[in-house]
>>> print(open('entry_8.txt').read())   # compact mmCIF, C-alpha atoms and all ligand atoms
# COMPACT_ATOMS: atom_id res chain seq x y z
CA MET A 29 131.53 89.88 93.23
CA ARG A 30 133.30 91.71 96.00
CA ASP A 31 136.37 90.56 97.79
CA HIS A 32 136.90 91.18 101.44
CA SER A 33 140.16 92.99 100.88
CA HIS A 34 140.40 94.11 104.46
CA HIS A 35 138.89 92.82 107.61
CA SER A 36 137.92 94.98 110.49
CA LEU A 37 139.85 94.35 113.63
CA LYS A 38 138.14 91.67 115.66
CA ASN A 39 140.44 91.52 118.62
CA HIS A 40 138.57 94.33 120.38
CA SER A 41 136.21 92.75 122.86
CA PRO A 42 132.84 94.51 122.55
CA PRO A 43 132.03 96.93 125.34
CA GLN A 44 129.62 95.74 127.99
CA ALA A 45 126.95 98.18 126.80
CA ALA A 46 126.95 96.68 123.30
CA LYS A 47 126.64 93.20 124.77
CA THR A 48 123.63 94.24 126.83
CA ALA A 49 122.03 95.86 123.75
CA HIS A 50 122.62 92.64 121.85
CA VAL A 51 120.97 90.54 124.56
CA ARG A 52 118.05 92.96 124.83
CA GLU A 53 117.46 92.90 121.06
CA LEU A 54 117.64 89.11 120.99
CA ARG A 55 115.20 88.83 123.89
CA LEU A 56 112.81 91.22 122.12
CA TYR A 57 112.83 89.09 118.95
CA LEU A 58 112.34 85.84 120.84
CA ILE A 59 109.37 87.19 122.82
CA ALA A 60 107.87 88.85 119.71
CA PHE A 61 108.33 85.55 117.84
CA THR A 62 106.51 83.58 120.56
CA LEU A 63 103.67 86.09 121.04
CA SER A 64 103.03 86.60 117.30
CA LEU A 65 102.91 82.87 116.53
CA PHE A 66 100.73 82.25 119.59
CA ALA A 67 98.27 84.98 118.55
CA GLY A 68 98.26 83.66 114.97
CA ALA A 69 97.59 80.10 116.12
CA ILE A 70 94.65 81.18 118.29
CA GLU A 71 93.18 83.20 115.40
CA ILE A 72 93.53 80.30 112.95
CA ALA A 73 91.88 77.94 115.44
CA VAL A 74 88.97 80.30 116.15
CA ARG A 75 88.52 81.07 112.44
CA TYR A 76 88.16 77.39 111.49
CA LEU A 77 86.47 76.01 114.62
CA LEU A 78 84.13 78.84 115.53
CA SER A 79 83.87 82.19 113.84
CA ASN A 80 84.36 81.49 110.10
CA SER A 81 85.85 84.97 109.63
CA VAL A 82 88.22 85.60 106.70
CA SER A 83 89.39 88.95 108.08
CA LEU A 84 90.51 87.09 111.21
CA PHE A 85 92.38 84.70 108.92
CA GLY A 86 94.02 87.75 107.31
CA ASP A 87 95.21 89.04 110.69
CA ALA A 88 96.50 85.54 111.51
CA ALA A 89 98.37 85.02 108.22
CA HIS A 90 100.05 88.37 108.68
CA GLY A 91 100.88 87.68 112.34
CA ILE A 92 102.45 84.32 111.49
CA ALA A 93 104.56 85.90 108.71
CA ASP A 94 105.70 88.61 111.17
CA GLY A 95 106.38 86.09 113.94
CA SER A 96 108.52 83.99 111.60
CA THR A 97 110.47 87.12 110.65
CA TYR A 98 111.18 87.87 114.34
CA GLY A 99 112.36 84.28 114.72
CA LEU A 100 114.67 84.61 111.69
CA LEU A 101 116.11 87.88 113.04
CA ALA A 102 116.78 86.17 116.38
CA LEU A 103 118.58 83.44 114.46
CA VAL A 104 120.65 86.06 112.61
CA LEU A 105 121.65 87.66 115.92
CA ILE A 106 122.64 84.30 117.41
CA VAL A 107 124.69 83.32 114.35
CA SER A 108 126.38 86.73 113.97
CA LYS A 109 127.45 86.60 117.61
CA HIS A 110 129.83 83.78 116.66
CA TYR A 111 130.51 84.74 113.03
CA SER A 112 130.34 88.53 112.90
CA ASP A 113 130.99 88.73 109.15
CA MET A 114 127.85 86.63 108.56
CA GLU A 115 125.49 89.32 109.87
CA LEU A 116 124.92 91.00 106.50
CA PRO A 117 124.39 87.91 104.31
CA TRP A 118 122.17 86.31 106.96
CA THR A 119 120.10 89.48 107.34
CA LYS A 120 119.66 89.57 103.57
CA ALA A 121 118.51 85.95 103.60
CA ALA A 122 116.14 86.59 106.51
CA VAL A 123 114.56 89.62 104.81
CA PHE A 124 114.14 87.63 101.60
CA VAL A 125 112.49 84.68 103.37
CA SER A 126 110.30 87.16 105.23
CA PHE A 127 109.27 88.63 101.86
CA LEU A 128 108.33 85.17 100.54
CA LEU A 129 106.30 84.36 103.68
CA LEU A 130 104.42 87.65 103.48
CA PHE A 131 103.82 87.10 99.76
CA PHE A 132 102.38 83.63 100.37
CA GLY A 133 100.26 84.94 103.28
CA ASP A 134 98.92 87.78 101.16
CA TYR A 135 98.06 85.37 98.34
CA LEU A 136 96.04 83.24 100.80
CA VAL A 137 94.19 86.28 102.20
CA PHE A 138 93.31 87.56 98.70
CA SER A 139 92.05 84.16 97.58
CA GLU A 140 89.95 83.66 100.75
CA ALA A 141 88.48 87.16 100.44
CA ILE A 142 87.59 86.63 96.75
CA GLU A 143 86.05 83.26 97.57
CA ARG A 144 83.91 84.85 100.28
CA PHE A 145 82.87 87.67 97.96
CA PHE A 146 81.32 85.11 95.57
CA ASP A 147 80.04 82.82 98.30
CA PRO A 148 78.89 84.92 101.29
CA GLN A 149 78.79 83.03 104.58
CA GLU A 150 77.72 83.57 108.14
CA VAL A 151 80.38 84.91 110.53
CA LEU A 152 80.29 84.93 114.33
CA GLY A 153 81.03 88.56 115.19
CA TRP A 154 81.74 88.40 118.92
CA TRP A 155 84.14 85.43 118.66
CA THR A 156 86.05 87.28 115.93
CA CYS A 157 86.04 90.45 118.00
CA LEU A 158 87.37 88.69 121.11
CA THR A 159 90.14 86.87 119.23
CA ALA A 160 91.30 89.97 117.35
CA GLY A 161 91.30 91.71 120.75
CA ILE A 162 93.70 89.07 122.13
CA SER A 163 95.93 89.59 119.08
CA LEU A 164 95.88 93.36 119.64
CA VAL A 165 96.90 92.96 123.29
CA LEU A 166 99.78 90.58 122.43
CA ASN A 167 100.95 92.94 119.67
CA GLY A 168 100.70 95.78 122.20
CA ILE A 169 103.08 93.95 124.55
CA VAL A 170 105.67 93.78 121.73
CA VAL A 171 105.26 97.52 121.01
CA LEU A 172 105.69 98.32 124.74
CA MET A 173 108.87 96.22 124.85
CA MET A 174 110.24 98.19 121.88
CA TYR A 175 109.49 101.48 123.62
CA LYS A 176 111.32 100.27 126.74
CA ILE A 177 114.57 99.82 124.83
CA PRO A 178 116.75 102.90 125.52
CA LYS A 179 117.02 105.45 122.71
CA HIS A 180 120.76 105.07 122.21
CA GLU A 181 120.28 101.37 121.48
CA HIS A 182 117.89 102.01 118.60
CA ASN A 183 119.04 100.93 115.17
CA ILE A 184 117.35 100.88 111.79
CA ARG A 185 116.06 97.35 112.42
CA HIS A 186 114.43 98.54 115.61
CA ASP A 187 112.92 101.71 114.13
CA SER A 188 111.38 99.96 111.14
CA MET A 189 110.04 97.23 113.43
CA LEU A 190 108.41 99.74 115.75
CA PHE A 191 106.73 101.49 112.82
CA HIS A 192 105.64 98.12 111.50
CA ALA A 193 104.26 96.88 114.83
CA LEU A 194 102.35 100.13 115.33
CA SER A 195 100.73 99.92 111.91
CA ASP A 196 99.92 96.25 112.56
CA ALA A 197 97.92 97.27 115.61
CA TRP A 198 95.54 99.04 113.19
CA VAL A 199 94.93 95.76 111.34
CA SER A 200 93.73 94.05 114.52
CA ALA A 201 91.73 97.17 115.43
CA GLY A 202 90.09 97.03 111.99
CA VAL A 203 89.08 93.39 112.49
CA ILE A 204 87.65 94.26 115.92
CA ALA A 205 85.61 97.06 114.32
CA SER A 206 84.27 94.99 111.41
CA ALA A 207 83.50 92.07 113.76
CA ALA A 208 81.60 94.39 116.10
CA ILE A 209 79.56 95.65 113.13
CA ILE A 210 78.75 92.03 112.22
CA ALA A 211 77.84 91.14 115.81
CA ILE A 212 75.44 94.07 116.02
CA THR A 213 73.97 94.22 112.50
CA ASN A 214 74.65 90.74 110.98
CA TRP A 215 76.07 92.53 107.92
CA TYR A 216 78.50 89.72 106.95
CA ALA A 217 79.98 91.60 103.98
CA ALA A 218 81.96 93.68 106.49
CA ASP A 219 84.13 90.60 107.02
CA TRP A 220 85.38 90.11 103.47
CA ILE A 221 85.64 93.89 102.97
CA MET A 222 87.99 94.01 105.99
CA ALA A 223 89.87 90.99 104.57
CA PHE A 224 90.43 92.92 101.32
CA ILE A 225 91.68 95.96 103.25
CA ILE A 226 94.19 93.69 105.05
CA ALA A 227 95.21 92.07 101.76
CA PHE A 228 95.95 95.50 100.24
CA TYR A 229 97.81 96.58 103.37
CA LEU A 230 100.00 93.47 103.05
CA LEU A 231 100.54 94.29 99.37
CA PHE A 232 101.72 97.74 100.43
CA LEU A 233 104.14 96.18 102.96
CA LEU A 234 105.40 93.84 100.22
CA CYS A 235 106.09 96.82 97.93
CA VAL A 236 108.03 98.62 100.68
CA LEU A 237 110.03 95.47 101.35
CA ALA A 238 110.69 94.92 97.64
CA ILE A 239 111.99 98.49 97.25
CA ARG A 240 114.31 97.95 100.21
CA ILE A 241 115.62 94.69 98.74
CA VAL A 242 116.14 96.20 95.26
CA ARG A 243 117.82 99.32 96.64
CA GLY A 244 120.06 97.21 98.84
CA ASP A 245 119.09 99.11 101.96
CA TRP A 246 120.81 96.76 104.41
CA LYS A 247 121.82 99.15 107.15
CA ILE A 248 121.94 96.96 110.18
CA GLY A 249 123.25 96.75 113.66
CA HIS A 250 124.69 99.37 115.93
CA ASP A 251 127.17 101.76 114.40
CA HIS A 252 130.41 99.95 115.15
CA ASP A 253 131.82 100.23 111.62
CA HIS A 254 133.72 103.45 112.18
CA SER A 255 135.91 102.17 114.99
CA GLU A 256 138.61 101.25 112.46
CA HIS A 257 139.38 104.92 111.91
CA GLU A 258 140.23 105.54 115.51
CA HIS A 259 143.92 105.48 116.15
CA SER A 260 145.47 104.84 119.49
CA HIS A 261 146.31 108.03 121.25
CA GLU A 262 149.86 108.78 122.25
CA ASP A 263 150.44 111.30 124.91
CA HIS A 264 153.26 113.76 124.22
CA HIS A 265 154.18 116.24 126.88
ZN ZN A 301 103.20 93.06 110.35
>>> encode(input="entry_8.txt", output="structure tokens")
Amino acid sequence: MRDHSHHSLKNHSPPQAAKTAHVRELRLYLIAFTLSLFAGAIEIAVRYLLSNSVSLFGDAAHGIADGSTYGLLALVLIVSKHYSDMELPWTKAAVFVSFLLLFFGDYLVFSEAIERFFDPQEVLGWWTCLTAGISLVLNGIVVLMMYKIPKHEHNIRHDSMLFHALSDAWVSAGVIASAAIIAITNWYAADWIMAFIIAFYLLFLLCVLAIRIVRGDWKIGHDHDHSEHEHSHEDHH
């Protein structure tokens, strides 16, 4: 257990630039949260009402886990605005919840894919293709928003998110490809094969996340921790 033997000075009002960066980051998370959950909801609806595609379910489960993580990060930013010493513990909690959500999502995708392997079913290719396309576009909007954030405002949260969102685009692209194959050839196995690929991709993400949690890699925020070392300047002439 670690005591907070010294507190950083809190009577400095943050510079305007840091405030703007904070607002921009919060806005990014809130929009990413909304778009990811919206895309996930559409995919779930189409999967159960129309297309019967398990790879589409995989994309949805992943999107919903991601969207929830963006929502949690937004919550962390809102809370840490008022209680700045809560940023680290709340980020830890958010990353851990995010891990559990992804774990549960991955479990569901694996079990659906295995089920479909033993009990092959018809899948509507074009509906799957169209819906995964919508998901790809919405994910693309999030990636574009991340690119628009100025370089000097990037932090480790931002950089890992951008990498993540870019690799996620390949998941939707994979579903589009397998769905197009099904639409053209009626080779339904392409669907559960793609679902397995997604399930293993999620397993990989889980491993990366687990390593980060175990290592305690909690570097967060903008680098404001060194300001304590700056002493006030006195001018001697
Ligand atoms: Zn993701």
>>> residues_around(input="entry_8.txt", residues="A:Pro148", least_positions_apart="6", cutoff="10 Å", atoms="only C-alpha atoms", output="CSV table (one decimal) with C-alpha atoms, in the frame of the given file")
chain,number,residue,atom,x,y,z
A,141,ALA,CA,88.5,87.2,100.4
A,142,ILE,CA,87.6,86.6,96.8
A,216,TYR,CA,78.5,89.7,107.0
A,217,ALA,CA,80.0,91.6,104.0
A,219,ASP,CA,84.1,90.6,107.0
A,220,TRP,CA,85.4,90.1,103.5
>>> residues_around(input="entry_8.txt", residues="stretch 59-64 of chain A", least_positions_apart="4", cutoff="12 Å", atoms="all atoms listed in the file", output="MDAnalysis selection string")
chainID A and resid 52:55 68:71 87:103 162:174 189:190 193 196:197
>>> atom_distance(input="entry_8.txt", atom1="atom CA of A:Ile226", atom2="atom CA of A:Asp134")
8.5 Å
>>> atom_distance(input="entry_8.txt", atom1="atom CA of A:Val236", atom2="atom CA of A:Trp118")
19.8 Å
>>> atom_distance(input="entry_8.txt", atom1="atom CA of A:Phe228", atom2="atom CA of A:Val137")
9.6 Å
>>> closest_residue(input="entry_8.txt", among="A:Ser195, A:Thr48, A:Thr213, A:Asn80", to="ligand ZN 301 (chain A)", atoms="all atoms listed in the file")
A:Ser195
>>> closest_residue(input="entry_8.txt", among="A:Leu65, A:Leu130, A:Leu152, A:Val107", to="ligand ZN 301 (chain A)", atoms="all atoms listed in the file")
A:Leu130
